[in-house]
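Text of the file start_21.cif, holding mmCIF, C-alpha atoms:
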data_entry
loop_
_atom_site.label_atom_id
_atom_site.label_comp_id
_atom_site.auth_asym_id
_atom_site.auth_seq_id
_atom_site.Cartn_x
_atom_site.Cartn_y
_atom_site.Cartn_z
CA MET A 1 13.50 -28.84 58.18
CA GLY A 2 16.19 -27.09 56.23
CA ALA A 3 15.72 -23.72 54.68
CA LEU A 4 14.21 -23.74 51.24
CA ALA A 5 16.52 -22.65 48.48
CA PHE A 6 14.94 -20.31 45.97
CA ARG A 7 16.28 -19.88 42.49
CA PRO A 8 16.27 -16.36 41.07
CA PHE A 9 13.05 -15.54 39.19
CA LEU A 10 13.64 -15.56 35.46
CA ALA A 11 11.38 -13.11 33.68
CA MET A 12 9.67 -14.59 30.65
CA PRO A 13 10.06 -12.63 27.43
CA PRO A 14 6.97 -10.60 26.59
CA PRO A 15 4.66 -12.19 24.04
CA ASP A 16 4.48 -10.83 20.53
CA PRO A 17 2.06 -7.91 20.19
CA PRO A 18 -1.51 -8.85 19.22
CA THR A 19 -1.99 -9.69 15.58
CA GLU A 20 -5.75 -9.58 15.25
CA ARG A 21 -7.19 -8.17 12.05
CA ALA A 22 -8.06 -4.85 13.68
CA ASP A 23 -4.47 -4.46 14.91
CA TRP A 24 -3.12 -4.98 11.40
CA THR A 25 -5.67 -2.56 9.97
CA ARG A 26 -4.55 0.12 12.41
CA ARG A 27 -0.99 -0.36 11.21
CA LEU A 28 -2.07 -0.14 7.59
CA PHE A 29 -3.83 3.18 8.15
CA ALA A 30 -1.58 4.51 10.96
CA ASP A 31 -4.65 4.66 13.20
CA GLU A 32 -3.55 4.10 16.79
CA THR A 33 -6.47 5.91 18.44
CA PRO A 34 -8.06 3.66 21.10
CA GLY A 35 -11.75 3.05 20.54
CA GLU A 36 -11.68 4.28 16.95
CA THR A 37 -12.56 2.05 14.03
CA PRO A 38 -9.29 1.32 12.19
CA GLY A 39 -9.27 2.54 8.62
CA ALA A 40 -12.21 4.83 9.33
CA PRO A 41 -13.08 7.42 6.68
CA THR A 42 -11.22 10.70 6.92
CA GLY A 43 -12.35 14.28 6.63
CA ASP A 44 -15.99 14.37 5.55
CA GLY A 45 -16.32 10.59 5.95
CA SER A 46 -16.18 9.83 2.24
CA ARG A 47 -12.73 8.25 1.89
CA ALA A 48 -9.95 6.42 3.72
CA VAL A 49 -6.35 7.06 2.66
CA MET A 50 -3.36 4.73 3.03
CA LEU A 51 0.21 5.89 2.34
CA LEU A 52 1.64 2.63 1.05
CA ALA A 53 5.35 3.07 1.80
CA GLU A 54 4.56 3.97 5.40
CA ALA A 55 2.08 1.10 5.70
CA SER A 56 4.78 -1.30 4.47
CA GLU A 57 7.25 0.04 7.03
CA ARG A 58 4.80 -0.37 9.90
CA ILE A 59 3.83 -3.91 8.91
CA THR A 60 7.44 -4.97 8.31
CA ALA A 61 8.51 -3.50 11.67
CA HIS A 62 6.02 -5.62 13.61
CA PRO A 63 8.02 -7.96 15.91
CA ALA A 64 6.19 -11.06 14.67
CA VAL A 65 6.92 -10.17 11.04
CA GLN A 66 10.55 -9.37 11.85
CA LYS A 67 10.96 -12.74 13.54
CA TRP A 68 9.42 -14.53 10.58
CA LEU A 69 11.60 -12.64 8.09
CA ARG A 70 14.76 -13.63 9.98
CA GLU A 71 13.87 -17.29 10.40
CA ALA A 72 12.23 -17.91 7.02
CA GLY A 73 14.91 -15.90 5.21
CA PHE A 74 17.70 -17.86 6.89
CA GLU A 75 16.11 -21.20 5.99
CA ALA A 76 15.52 -20.12 2.40
CA ALA A 77 19.05 -18.75 1.98
CA ARG A 78 20.62 -21.99 3.25
CA GLY A 79 19.36 -23.81 0.19
CA LEU A 80 20.80 -21.32 -2.29
CA ARG A 81 24.06 -21.92 -4.06
CA GLY A 82 25.86 -19.27 -6.01
CA GLY A 83 23.71 -16.94 -8.08
CA ASP A 84 21.13 -19.46 -9.30
CA ALA A 85 18.26 -17.17 -10.30
CA MET A 86 15.77 -20.02 -10.66
CA ALA A 87 16.52 -21.40 -7.20
CA GLN A 88 16.18 -17.91 -5.74
CA ALA A 89 12.84 -17.39 -7.48
CA GLN A 90 11.56 -20.72 -6.16
CA ALA A 91 12.71 -19.87 -2.63
CA HIS A 92 10.98 -16.49 -2.89
CA GLY A 93 7.76 -18.20 -4.00
CA ARG A 94 7.86 -20.58 -1.04
CA MET A 95 8.46 -17.70 1.36
CA ALA A 96 5.61 -15.66 -0.14
CA ARG A 97 3.21 -18.58 0.33
CA ASP A 98 4.45 -19.19 3.87
CA LEU A 99 3.99 -15.50 4.72
CA LYS A 100 0.28 -15.74 3.92
CA GLU A 101 -0.07 -19.00 5.83
CA GLN A 102 1.66 -17.59 8.91
CA PHE A 103 -0.30 -14.32 8.96
CA PRO A 104 -3.87 -15.09 7.82
CA THR A 105 -5.35 -12.17 9.77
CA LEU A 106 -2.94 -9.79 8.02
CA VAL A 107 -3.97 -11.23 4.65
CA GLU A 108 -7.61 -10.67 5.56
CA ALA A 109 -6.93 -7.14 6.83
CA VAL A 110 -5.26 -6.21 3.53
CA ARG A 111 -8.09 -7.73 1.50
CA GLU A 112 -10.75 -5.94 3.52
CA ALA A 113 -8.94 -2.59 3.69
CA THR A 114 -8.36 -2.48 -0.08
CA GLY A 115 -11.70 -3.89 -1.18
CA GLY A 116 -9.89 -6.87 -2.70
CA CYS A 117 -7.71 -4.63 -4.88
CA GLY A 118 -4.47 -5.25 -2.98
CA GLU A 119 -2.74 -8.32 -1.64
CA LEU A 120 0.07 -9.07 0.75
CA ALA A 121 3.45 -9.45 -0.97
CA LEU A 122 7.09 -10.02 -0.09
CA GLN A 123 10.27 -8.37 -1.32
CA TRP A 124 13.07 -10.72 -0.29
CA ARG A 125 16.73 -9.79 -0.60
CA PRO A 126 18.80 -12.84 0.35
CA LEU A 127 22.11 -10.96 0.11
CA HIS A 128 20.79 -8.01 2.12
CA PRO A 129 18.15 -9.53 4.43
CA ASN A 130 17.79 -6.35 6.49
CA TYR A 131 16.25 -4.72 3.42
CA SER A 132 13.60 -7.41 2.93
CA LYS A 133 10.08 -6.12 3.47
CA VAL A 134 6.40 -6.95 3.37
CA TYR A 135 4.25 -4.67 1.23
CA LEU A 136 0.93 -4.36 -0.59
CA SER A 137 0.80 -5.37 -4.24
CA PHE A 138 -1.72 -4.08 -6.79
CA PHE A 139 -2.47 -5.31 -10.32
CA ASP A 140 -0.11 -8.28 -9.83
CA ASP A 141 2.80 -5.91 -9.13
CA ALA A 142 2.43 -4.34 -12.59
CA PHE A 143 1.56 -0.96 -11.02
CA ASP A 144 3.54 0.68 -8.22
CA PRO A 145 1.29 3.16 -6.39
CA ASP A 146 2.26 5.56 -3.63
CA VAL A 147 -1.25 6.01 -2.23
CA PHE A 148 -4.37 3.88 -1.84
CA CYS A 149 -7.73 5.53 -1.32
CA ALA A 150 -11.03 3.77 -0.59
CA LEU A 151 -14.02 5.81 -1.73
CA ARG A 152 -17.17 5.30 0.31
CA SER A 153 -19.06 7.09 -2.45
CA PRO A 154 -17.86 8.19 -5.91
CA ALA A 155 -19.16 11.70 -5.31
CA LEU A 156 -17.24 14.38 -7.16
CA SER A 157 -16.08 16.09 -3.94
CA ALA A 158 -14.70 12.82 -2.54
CA VAL A 159 -12.93 12.01 -5.81
CA ARG A 160 -11.32 15.45 -5.89
CA ASP A 161 -10.01 14.90 -2.37
CA ALA A 162 -8.70 11.44 -3.28
CA LEU A 163 -6.84 12.85 -6.28
CA ARG A 164 -5.41 15.54 -4.04
CA ALA A 165 -4.02 12.83 -1.74
CA VAL A 166 -2.24 11.25 -4.72
CA ARG A 167 -1.04 14.63 -5.98
CA GLU A 168 0.51 15.40 -2.59
CA ALA A 169 2.76 12.35 -3.06
CA LEU A 170 4.56 14.07 -5.95
CA PRO A 171 8.24 14.75 -5.22
CA LYS A 172 8.73 18.22 -3.80
CA GLY A 173 11.64 19.25 -6.02
CA GLU A 174 11.30 20.86 -9.43
CA PRO A 175 11.19 18.32 -12.29
CA PHE A 176 14.12 18.14 -14.69
CA ALA A 177 13.65 18.62 -18.42
CA GLY A 178 12.61 15.30 -19.95
CA GLN A 179 12.30 13.69 -16.51
CA PRO A 180 8.89 14.41 -14.98
CA ASN A 181 8.05 13.98 -11.34
CA GLU A 182 5.50 11.19 -10.90
CA ALA A 183 3.12 9.89 -8.26
CA ALA A 184 0.58 7.10 -8.60
CA GLY A 185 -2.42 5.93 -6.65
CA VAL A 186 -5.13 3.30 -6.61
CA LEU A 187 -8.73 4.34 -5.98
CA GLU A 188 -11.29 1.74 -4.91
CA HIS A 189 -15.05 1.76 -4.70
CA ASP A 190 -17.31 -1.23 -4.11
CA GLY A 191 -14.54 -3.70 -5.01
CA ARG A 192 -13.56 -2.00 -8.28
CA CYS A 193 -10.06 -0.55 -8.71
CA LEU A 194 -8.71 2.31 -10.80
CA GLY A 195 -5.13 3.49 -11.04
CA VAL A 196 -4.23 7.16 -11.45
CA ARG A 197 -0.85 8.63 -12.35
CA TYR A 198 0.21 12.24 -11.90
CA ARG A 199 3.04 13.71 -13.94
CA GLU A 200 4.65 17.07 -13.37
CA ARG A 201 6.86 18.34 -16.20
CA ALA A 202 9.29 21.22 -16.34
CA SER A 203 7.83 24.25 -18.07
CA GLU A 204 9.42 25.29 -21.35
CA LYS A 205 9.43 28.82 -20.01
CA GLU A 206 10.14 29.94 -16.50
CA GLY A 207 7.12 29.39 -14.31
CA ARG A 208 5.18 26.65 -12.60
CA PRO A 209 5.64 23.06 -13.84
CA ARG A 210 2.92 21.60 -16.06
CA ARG A 211 0.88 18.98 -14.24
CA SER A 212 -1.44 16.35 -15.70
CA VAL A 213 -3.09 13.12 -14.58
CA ALA A 214 -3.92 9.92 -16.47
CA LEU A 215 -6.37 7.20 -15.46
CA VAL A 216 -5.12 3.61 -15.50
CA PRO A 217 -7.99 1.07 -15.65
CA ALA A 218 -5.38 -1.67 -16.17
CA PRO A 219 -1.57 -1.73 -16.32
CA GLY A 220 -0.35 -0.54 -19.71
CA ASP A 221 -3.77 0.93 -20.52
CA GLU A 222 -3.46 4.60 -19.60
CA THR A 223 -5.89 7.20 -20.84
CA ASP A 224 -4.78 10.49 -22.33
CA GLU A 225 -3.50 12.98 -19.80
CA HIS A 226 -6.09 15.29 -18.29
CA THR A 227 -6.47 18.24 -15.99
CA ASP A 228 -7.42 17.54 -12.39
CA GLU A 229 -11.06 18.40 -13.01
CA GLN A 230 -11.32 16.29 -16.16
CA ALA A 231 -9.72 13.37 -14.33
CA ALA A 232 -12.08 13.75 -11.36
CA ARG A 233 -15.11 13.58 -13.63
CA GLY A 234 -13.58 10.60 -15.42
CA VAL A 235 -13.19 8.78 -12.10
CA VAL A 236 -16.85 9.45 -11.27
CA ALA A 237 -17.87 8.11 -14.68
CA TYR A 238 -15.74 4.99 -14.15
CA PHE A 239 -17.18 4.10 -10.76
CA ALA A 240 -20.74 5.33 -11.32
CA PRO A 241 -21.53 5.27 -15.05
CA GLU A 242 -25.22 5.78 -14.31
CA GLU A 243 -24.28 9.15 -12.79
CA ARG A 244 -22.10 10.23 -15.70
CA GLU A 245 -24.46 12.66 -17.38
CA ARG A 246 -25.54 14.26 -14.12
CA TRP A 247 -21.95 14.83 -12.98
CA TYR A 248 -20.76 16.10 -16.34
CA GLU A 249 -23.54 18.67 -16.39
CA ARG A 250 -22.16 20.30 -13.24
#
Could I get this structure in the form of structure tokens?
Amino acid sequence: MGALAFRPFLAMPPPDPPTERADWTRRLFADETPGETPGAPTGDGSRAVMLLAEASERITAHPAVQKWLREAGFEAARGLRGGDAMAQAQAHGRMARDLKEQFPTLVEAVREATGGCGELALQWRPLHPNYSKVYLSFFDDAFDPDVFCALRSPALSAVRDALRAVREALPKGEPFAGQPNEAAGVLEHDGRCLGVRYRERASEKEGRPRRSVALVPAPGDETDEHTDEQAARGVVAYFAPEERERWYER
């Protein structure tokens, strides 16, 4: 019997990383600690903070998402001719729907992590596909927050810490005259959402910039600007109106 001829072993490409809901949630909250609950409360256990630009980068960088962006983007771009804005908008809509169909566990992770306040969204750039990304949208994209914070309880101490997380997203440089530094966040408790927007303005005299914060119950519906403490008490009143008098007495 002749010698058997063996062909060289061809290594199979590794499978895509797991895409279970818990895996997506870890990417949303940058929680890679084995055995830990993804998106677990931070600090004193009263809140969970998500830095949205970083969460978008981690989700977009996932190999399965990258593969989908390349293939779906190529197919969508093939049907475009010239600069037809309507055709591009229709292609974007089809891709956005397909994204949710292809990644149902990611959709569910976003819904659960944000208490239903955020949803999975797509920024598609057909002329610059490498800059396309997947991100979290709030208030139908009418509000562009930097930070999301889930409040386990609308206690005043937890709200102060949540506002601090948004405040820390302010640009580090000094604001220019007439051009304030801004940072925005979405706070969530028990499925209700509230936007907050910090502004830091240049002082008319030399010294520290003037900082204020407005509450945004809905896009285009900002309150007057408040101090941090006034805003914190306003957040408590928004999420727990039955506690309003007790908190305001403190």
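Atom CA of A:Pro219 to atom CA of A:Glu188 spans 15.4 Å [interatomic distance, one decimal].
As for atom CA of A:Arg58 and atom CA of A:Arg192, they are spaced 25.9 Å apart.
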task = Do a neighbour search on stretch 229-240 of chain A at 6 Å with all atoms listed in the file, toss out local chain neighbours closer than 6 positions, and write the hits as a list in words.
result = Pro154, Val159 and Arg160 of chain A
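Proximity ranking of A:Pro171, A:Gly115, A:Pro129, A:Pro209 relative to A:Val186 places A:Gly115 first, based on only C-alpha atoms.
Once the PyMOL selection byres ((chain A and resi 165) around 9) is applied to the shown structure, the selection contains Val49, Val147, Phe148, Cys149, Arg160, Asp161, Ala162, Leu163, Arg164, Val166, Arg167, Glu168, Ala169 and Gly185 of chain A.
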query = Which residues come within 7 Å of stretch 214-218 of chain A, counting only C-alpha atoms, excluding same-chain residues fewer than 4 positions away, as a VMD selection string?
reply = chain A and resid 194 to 198 222 to 226
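Candidate residues A:Arg70, A:Lys172, A:Asp228, A:Ala64 were compared for distance to A:Val213, and the nearest is A:Asp228, using all atoms listed in the file.
Each of A:Glu204, A:Glu174, A:Glu242, A:Glu119 was compared to A:Ser56 using all atoms listed in the file, and A:Glu119 turns out to be the nearest.
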message = I'd like the contact shell of A:Phe74 - 10 Å cut-off, all atoms listed in the file, skipping same-chain residues fewer than 5 positions apart - returned as number ranges by chain.
response = A: 68-69, 79, 126, 129
Selection dump of the PyMOL selection byres ((chain A and resi 99) around 10), as a PDB file with C-alpha atoms, in the frame of the given file:
ATOM      1  CA  VAL A  65       6.920 -10.170  11.040  1.00  0.00           C
ATOM      2  CA  TRP A  68       9.420 -14.530  10.580  1.00  0.00           C
ATOM      3  CA  LEU A  69      11.600 -12.640   8.090  1.00  0.00           C
ATOM      4  CA  ALA A  72      12.230 -17.910   7.020  1.00  0.00           C
ATOM      5  CA  GLY A  93       7.760 -18.200  -4.000  1.00  0.00           C
ATOM      6  CA  ARG A  94       7.860 -20.580  -1.040  1.00  0.00           C
ATOM      7  CA  MET A  95       8.460 -17.700   1.360  1.00  0.00           C
ATOM      8  CA  ALA A  96       5.610 -15.660  -0.140  1.00  0.00           C
ATOM      9  CA  ARG A  97       3.210 -18.580   0.330  1.00  0.00           C
ATOM     10  CA  ASP A  98       4.450 -19.190   3.870  1.00  0.00           C
ATOM     11  CA  LYS A 100       0.280 -15.740   3.920  1.00  0.00           C
ATOM     12  CA  GLU A 101      -0.070 -19.000   5.830  1.00  0.00           C
ATOM     13  CA  GLN A 102       1.660 -17.590   8.910  1.00  0.00           C
ATOM     14  CA  PHE A 103      -0.300 -14.320   8.960  1.00  0.00           C
ATOM     15  CA  PRO A 104      -3.870 -15.090   7.820  1.00  0.00           C
ATOM     16  CA  LEU A 106      -2.940  -9.790   8.020  1.00  0.00           C
ATOM     17  CA  VAL A 107      -3.970 -11.230   4.650  1.00  0.00           C
ATOM     18  CA  LEU A 120       0.070  -9.070   0.750  1.00  0.00           C
ATOM     19  CA  ALA A 121       3.450  -9.450  -0.970  1.00  0.00           C
ATOM     20  CA  LEU A 122       7.090 -10.020  -0.090  1.00  0.00           C
ATOM     21  CA  VAL A 134       6.400  -6.950   3.370  1.00  0.00           C
TER      22      VAL A 134
END
